[in-house]
Amino acid sequence: MAGHSKWANIKRRKGAQDAKRGKLFTKLIKEITVAAQMGGGDIDANPRLRLAVDKAKGASMPKDNIARAVAKGSGNVDMADYHEFNMEGYGPGGVAVILEVLTDNRNRSAAEIRFAFNKGNGNLGTSGCVAYMFKRMGVIAGPSEGVDEDELMMAALEAGADDVTVEGEGWEVTAELDAFAGARDALQADFTVESAELSYLPDNTVTLEGAKAEQFMRMLDLLEDCDDVQNVHHNADISEDELTRIMDA
């Protein structure tokens, strides 16, 4: 679980500066539609759909957009044949990267992802080449302002969570997959939850500085620009000072 809070900080900082809301909405709509198509349009009976809708709400997606995506997926509308799979590789400095891909064209996705790795001085690897360095976990996060850390920890642990971290302006709770939904619901009752999602958390991190940090951030931008890449997970550790330097360059 080391390094996940720093990664969350990187995502928040990048999100505030890049403001790629349109592209994010496109990915979220795709996930909602596929989730509804696979498990039906009832959020209470479809955990994957609930996760997707919660994430869309957290990104301030309009309710009408969410409703249309659910209706499209759960209706009799002809849809592209989407495929889900992970791709793995290494970034500069030996950073391990896992990509969650959702696409209707594997060749297109592979070409775009390979280009991103090459431009970032990374290498696309084979299936399983870095997966063993990560653990699939549920991650729940929210703002720390006004939160009593002891109360948060007590509530999280009683709900079956594994770990609680309060750092800077936010808190994060991690939970095993079978305890994730219960922990999320329990925390939502008493705390402000900004996001609740399944993630790949690294066992260890790789510290990046200077040129390698810049190359990795360039690669990260290119990967996040790929419409078919739903999520990017990695074990890079970039300090706040280094991140600020790169963003301001």
# chains A, B, ... in the order shown; residues from 1 in each chain; ligands from 1
call {"tool": "closest_atom_pairs", "arguments": {"of": "range 155-197 of chain A", "to": "range 32-48 of chain A", "cutoff": "12 Å", "atoms": "only C-alpha atoms", "output": "JSON lines"}}
result
{"residue": "A:Leu177", "atom": "CA", "partner": "A:Pro47", "partner_atom": "CA", "distance": 11.7}
{"residue": "A:Asp178", "atom": "CA", "partner": "A:Pro47", "partner_atom": "CA", "distance": 11.8}
{"residue": "A:Phe180", "atom": "CA", "partner": "A:Pro47", "partner_atom": "CA", "distance": 10.8}
{"residue": "A:Ala181", "atom": "CA", "partner": "A:Pro47", "partner_atom": "CA", "distance": 8.3}
{"residue": "A:Gly182", "atom": "CA", "partner": "A:Pro47", "partner_atom": "CA", "distance": 11.6}
{"residue": "A:Arg184", "atom": "CA", "partner": "A:Pro47", "partner_atom": "CA", "distance": 11.9}
{"residue": "A:Ala196", "atom": "CA", "partner": "A:Arg48", "partner_atom": "CA", "distance": 11.6}
{"residue": "A:Glu197", "atom": "CA", "partner": "A:Arg48", "partner_atom": "CA", "distance": 9.8}
call {"tool": "write_last_selection", "arguments": {"atoms": "C-alpha atoms", "output": "mmCIF file, in the first residue's frame"}}
result
data_model
loop_
_atom_site.group_PDB
_atom_site.id
_atom_site.type_symbol
_atom_site.label_atom_id
_atom_site.label_comp_id
_atom_site.auth_asym_id
_atom_site.auth_seq_id
_atom_site.Cartn_x
_atom_site.Cartn_y
_atom_site.Cartn_z
ATOM 1 C CA LEU A 177 -12.329 -6.600 -2.017
ATOM 2 C CA ASP A 178 -14.888 -8.494 0.057
ATOM 3 C CA PHE A 180 -14.933 -2.760 0.271
ATOM 4 C CA ALA A 181 -18.675 -2.201 -0.243
ATOM 5 C CA GLY A 182 -19.444 -2.419 3.473
ATOM 6 C CA ARG A 184 -17.707 2.433 1.723
ATOM 7 C CA ALA A 196 -14.605 4.969 -3.774
ATOM 8 C CA GLU A 197 -13.023 2.655 -6.328
#
call {"tool": "residues_around", "arguments": {"residues": "Val166 in chain A", "least_positions_apart": "3", "cutoff": "9 Å", "atoms": "only C-alpha atoms", "output": "list of chain:residue names"}}
result
A:Ser5, A:Ser144, A:Glu149, A:Glu169, A:Gly170, A:Trp171, A:Glu172, A:Val173
call {"tool": "write_last_selection", "arguments": {"atoms": "C-alpha atoms", "output": "PDB file, in the first residue's frame"}}
result
ATOM      1  CA  SER A   5      -1.472   8.482  -1.053  1.00  0.00           C
ATOM      2  CA  SER A 144      -9.640  15.630   6.060  1.00  0.00           C
ATOM      3  CA  GLU A 149      -8.695  10.935  12.862  1.00  0.00           C
ATOM      4  CA  GLU A 169      -5.890  17.733   2.920  1.00  0.00           C
ATOM      5  CA  GLY A 170      -7.267  14.236   2.549  1.00  0.00           C
ATOM      6  CA  TRP A 171      -7.747  10.786   4.038  1.00  0.00           C
ATOM      7  CA  GLU A 172      -7.703   7.364   2.463  1.00  0.00           C
ATOM      8  CA  VAL A 173      -9.059   4.043   3.639  1.00  0.00           C
TER       9      VAL A 173
END
call {"tool": "select_by_dssp", "arguments": {"residues": "range 58-178 of chain A", "states": "helix (DSSP H, G or I)", "output": "PyMOL selection string"}}
result
chain A and resi 58+63-74+92-94+106-119+131-133+149-158+177-178
call {"tool": "closest_residue", "arguments": {"among": "A:Glu88, A:Asp163, A:Asp237, A:Glu194", "to": "Cys129 in chain A", "atoms": "only C-alpha atoms"}}
result
A:Glu88
call {"tool": "atom_distance", "arguments": {"atom1": "CA of Gly94 in chain A", "atom2": "CA of Thr126 in chain A"}}
result
14.9 Å
call {"tool": "select_by_dssp", "arguments": {"residues": "range 4-238 of chain A", "states": "strand (DSSP E)", "output": "count of residues only"}}
result
57
call {"tool": "closest_residue", "arguments": {"among": "A:Glu209, A:Ile29, A:Gly91, A:Glu84", "to": "Met61 in chain A", "atoms": "only C-alpha atoms"}}
result
A:Ile29
call {"tool": "residues_around", "arguments": {"residues": "Lys57 in chain A", "least_positions_apart": "2", "cutoff": "12 Å", "atoms": "only C-alpha atoms", "output": "list in words"}}
result
Leu24, Phe25, Leu28, Ile29, Ile32, Arg50, Leu51, Ala52, Val53, Asp54, Lys55, Ala59, Ser60, Met61, Pro62, Lys63, Asp64, Asn65, Ile66, Ala67, Val193, Glu194, Ser195 and Ala196 of chain A
call {"tool": "atom_distance", "arguments": {"atom1": "CA of Thr207 in chain A", "atom2": "CA of Asn123 in chain A"}}
result
18.0 Å
call {"tool": "closest_residue", "arguments": {"among": "A:Ala161, A:Leu187, A:Met217, A:Val97", "to": "Arg245 in chain A", "atoms": "only C-alpha atoms"}}
result
A:Met217
call {"tool": "closest_residue", "arguments": {"among": "A:Lys135, A:Val130, A:Gly93, A:Glu176", "to": "Ala211 in chain A", "atoms": "only C-alpha atoms"}}
result
A:Gly93
call {"tool": "residues_around", "arguments": {"residues": "Met219 in chain A", "least_positions_apart": "6", "cutoff": "12 Å", "atoms": "only C-alpha atoms", "output": "list in words"}}
result
Gly89, Tyr90, Gly91, Pro92, Val95, Val97, Glu112, Ile113, Arg114, Phe115, Ala116, Phe117, Asn118, Lys119, Gly120, Asn121, Gly122, Asn123, Leu124, Lys212, Ala213, Asp225, Cys226, Val232 and His234 of chain A
call {"tool": "closest_residue", "arguments": {"among": "A:Asn235, A:Thr192, A:Thr26, A:Ser74", "to": "Val147 in chain A", "atoms": "only C-alpha atoms"}}
result
A:Thr192
call {"tool": "atom_distance", "arguments": {"atom1": "CA of Asn231 in chain A", "atom2": "CA of Ser199 in chain A"}}
result
8.6 Å
